[in-house]
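Colleague: Structure provided below as structure tokens; questions to follow.
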Amino acid sequence: MGEKPKTPEYPAYWEADVVLRDGTTAHLRPVRPEDASGLARMHEGQSQSSIYLRFFTFKSSLSRKELERFTHVDYRDRVAFVVLRGEEILGIGRYDRLDDPLEAEVAFNISDASQGKGIGSILMEHLAVAARENGIRRFTAEVLPENRKMLSVFQDTGFEVSRHFDDGVVAVAFSIDPTAKSRAVMESREHRAEARSVAELLAPEAVAVIGASRQWGSVGFALLQNIIEGGYPGPVYGINPEALEVAGMISRATLAEVPGPVDLAVIAVPEAEVPAVVQDCAHHGVKGLLVVTTGYADAGREGLVRQRALVRQARANGMRVIGPASAGLINTAPEVSLNASVSPFLPVRGPVGLFSQSAVIGVTLFAAAHRRGIGLSSMLSAGNRADVSGNDAMQYFEDDPATGAVGVYLESFGNPRKFSRIARRLSRSKPVVVARSDVMGRRLPPGHETRTTQAPTGAVDSMLEQTGVIQVENHDDLMDLMQTVASQPLPAGPRVGVVGNSLALNRVVMDAVEHHGLTVASTVLVPDLDAEHVVDDAVRAVGRAVSETIASGEVDALLVVTQAGMHQEVGDSDRLAAAVEEASRGTSVTVLASLTGVLDLTYRSASLRGSGPSTEEGLQGGIPVFSSPEQAARVLSRLAWYSAWREAEAGVPVEPEGVDRDRAEELLEGWASRAHGTGLVRLTADEAGELLGCYGIRVLPSARFTTEEGAVLAADRLGWPVAVKAVDSYLRHRLDLGGVRLNIVDAESLRRNVAQMRQVLEPFGSPDLEVQSMAPSGQACTITALEDPLLGPVVSFGIAGDAVDLLDDWVHRVPPLTNQDLDRMIRAPRAAAKLYGYGGLPAVDTDALQDLLARVAALKDDHPQVARIRFNPVLASDRGVTVLSTEIDVANAAQRTDSARRAMRD
């Protein structure tokens, strides 16, 4: 009796949790033989019309042979994915390779109840990626003309779809190579789905607090009380099997006793009870979970295992999770008025949206917003960020008309490439301020510790700068920015006016303004607030100075700094701040104040609660008042930088010409197979040249030799004059150590130099030598690209030599790059002046340098298995660029944090 055939295996990363168009979640995975019964049930629940559109005939049921064919695949020539909610199949999509091995036929079947949720598009994205991995480049399909929904799925892929009518059906065909349009379409669908999922959490129609308590001071008591006292207008249910009454209402023992549907479940039960509660929520159709319970990733590795199980359980049943260890969520919209948080009060309505990964920092931000009077549109505390992340929150804030500025506190990136993409788009319309943990960028999140490459210091900062995010050091700085963008227009430029009543203090402020890279355009000295002057006159004088400085048109921002007099009275600072606000109301100039030495700062909060009228941009009104002029100057500097970034051209993505991605992928598939585990494979010079040639990059040929005569023969072949270099990556650039000899013009000189070099290099182990033709003289540059465990692909550029070796003068960028990114990239290093005619030398061909960077970025972006590329040096001259030396390391292909398919991340 023969052995039972072994079921083929598929890559683990083909499985994914996905967000559907309605904001709910589902699980996608390759089909398995045991899915036959579920597929049969789905078919039996379909309407006659749906069955006819799929099979071109009516089938009341699928035969055993059909079910076996649909569920037994080899995951290479035949692949099928199912989308599941619990054990229920919502849809299935498949491809079958045709006689042409580069072509496959695709087909889809979506359950009637799940149509209109974007499942067909999600299946298409995942099938296309799997097909490309298996060497397929083109999809075809036959669709009945009346099946408009499926025709729309094909048409809306972003691929170039051809259609023609043939024998009663519409035949469609298209290349599945990713394009800028197909990526944009996918990202747009992903954006809408994720924004919707967060919107559903923030505006539930009914809320249940599971673990509601009668014990004052407990989390369950506080959460229920805060929801009720916050004025939430929908049904609120307290779930506690051991209490008859909680918060003045009848307690329910379980969700089964709740008289209506529940959209949001707030879970505050012990960790051991959470799995049963989540299952009960799934059974009763709850849409989302807010988990305040701790004991998960915050409790170490065992807790992390429990946390991942919690997320899998929730997502598989259509629910998103905020938390665990969350401090809650807030929505101040009058029609929602939801305070499902540990904050004892609902913040005032305002334009600031806040997200915090840390529960502790989340509580701190709650308190700071209240203390400073900053109005919020909404706030999310993600706690351990097991599911809903900063990326999800930014997707929501981008679409939310009530949010005019976004503040984010992060401890780590879940999907940094996606963060970069979303933040770059969001920053174009709304200020995004990010405070991050001090260790972020220097530690790896769980599961990343074994990766083999890591971006250099400063790469995270560069990525954030590239996206237009305003970076701050801590949550206090974050709130400084928030209180300003909530109440003031952005500065149109760097010109700052200073109004003060102390000559010495004015000078201090001027120094601070210039230290932060701004320009002092105007200074005004007004009377002191002391016994020699009537306080009301001095206040009026400050108001006049503010009005006149703004009216002059010479300033983009104004900093009012006053020193209180010796005989100040309580309320003087309030009158002064009110005068500044009145004088600046309705202006486009950014106005900040710093009142030093005052007895009270009452106005600091009062103004920010909206004492001034709201503007058309939705700002609150009021003047931000800081205790330190340095704080105010730092805030102005960051806002001026952001304004300049936003006003600059965003640029267009660069697609280098003459690129053969398919050939490069074939080459890398073979080379990467030589890597074991997390190890790297160094490509030979010929292999590196072949790969780079696929992207139009040429390395100046070189040849190793063992004898002096061999060197002469190589020089004759390559062309005189030549250079001789040590093959060692360190010595080959060191003239001072004898590792390189240049401009050798004839055979005799070459023989002599080779002999001398071998003698000099003997203490270094007599490294191998190579000969290379001399390149046109120019400025030496260094280019690297690598796959970072946090950021994905990172491309770095610097001026070779001491600038990068000693001063770390690099600039880093995360692909894909626009033409503006490339221009700014070569201008950013401090030593970049050497590229533009420094010291009387001719300026280099910057267009050629940008083209080389674009090709390196494209190669790295396309192929995550390329672990590291290093060009050192690249000689940039006025006639082009020459790559003299390259090192390329290849690793086993790893799942990228951002790919051409939608997938949620833990």
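Chain identifiers are assigned as A, B, and so on, following the order in which chains appear in the structure tokens; residues are numbered from 1 within each chain, and ligands are numbered from 1 in order of appearance.
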Would you kindly return, as a PyMOL selection string, each protein, DNA or RNA residue with an atom no farther than 9 Å from any atom of Ala297 of chain A, considering only C-alpha atoms and excluding same-chain residues fewer than 2 positions away?

Modeller: chain A and resi 294-295+299-308+324-325+384+386

Colleague: Could you go through segment 725-831 of chain A and tell me which residues DSSP, when run on the backbone, assigns to alpha helix (DSSP H), listing them as a PyMOL selection string?

Modeller: chain A and resi 747-760+802-805+819-827

Colleague: Closest to Val342 of chain A among A:Ala359, A:Val274, A:Ala828, A:Ile783, using only C-alpha atoms?

Modeller: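 Closest to Val342 of chain A, using only C-alpha atoms: A:Ala359.
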
Colleague: Out of segment 104-142 of chain A, which residues get strand (DSSP E) from DSSP, as a list of chain:residue names?

Modeller: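 DSSP on the backbone gives strand (DSSP E) at A:Ala104, A:Glu105, A:Val106, A:Ala107, A:Phe108, A:Asn109, A:Ile110, A:Arg138, A:Phe139, A:Thr140, A:Ala141, A:Glu142.
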
Colleague: Measuring between only C-alpha atoms, which one of A:Arg830, A:His191, A:Arg41, A:Lys181 shows the shortest distance to Lys418 of chain A?

Modeller: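 Among the listed residues, A:His191 lies closest to Lys418 of chain A.
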
Colleague: Contacts of Thr484 of chain A at 12 Å or less, counting only C-alpha atoms, minus same-chain residues fewer than 5 places along, as a ChimeraX atom specification?

Modeller: /A:351-352,372-375,404-405,407,431,433,477-479,489-491,557,590-593,604,607-608,619-626,631-636,638-639

Colleague: When you look at Gly670 of chain A with a cut-off of 12 Å (counting only C-alpha atoms), what residues show up, excluding the ones that are within fewer than 5 positions of it in the same chain? I need them as a list in words.

Modeller: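 Listing them by chain and then by number gives Arg663, Ala664, Glu665, Ala675, Val681, Leu683, Glu687, Leu691, Gln865, Val890, Ala891, Asn892 and Ala893 of chain A.
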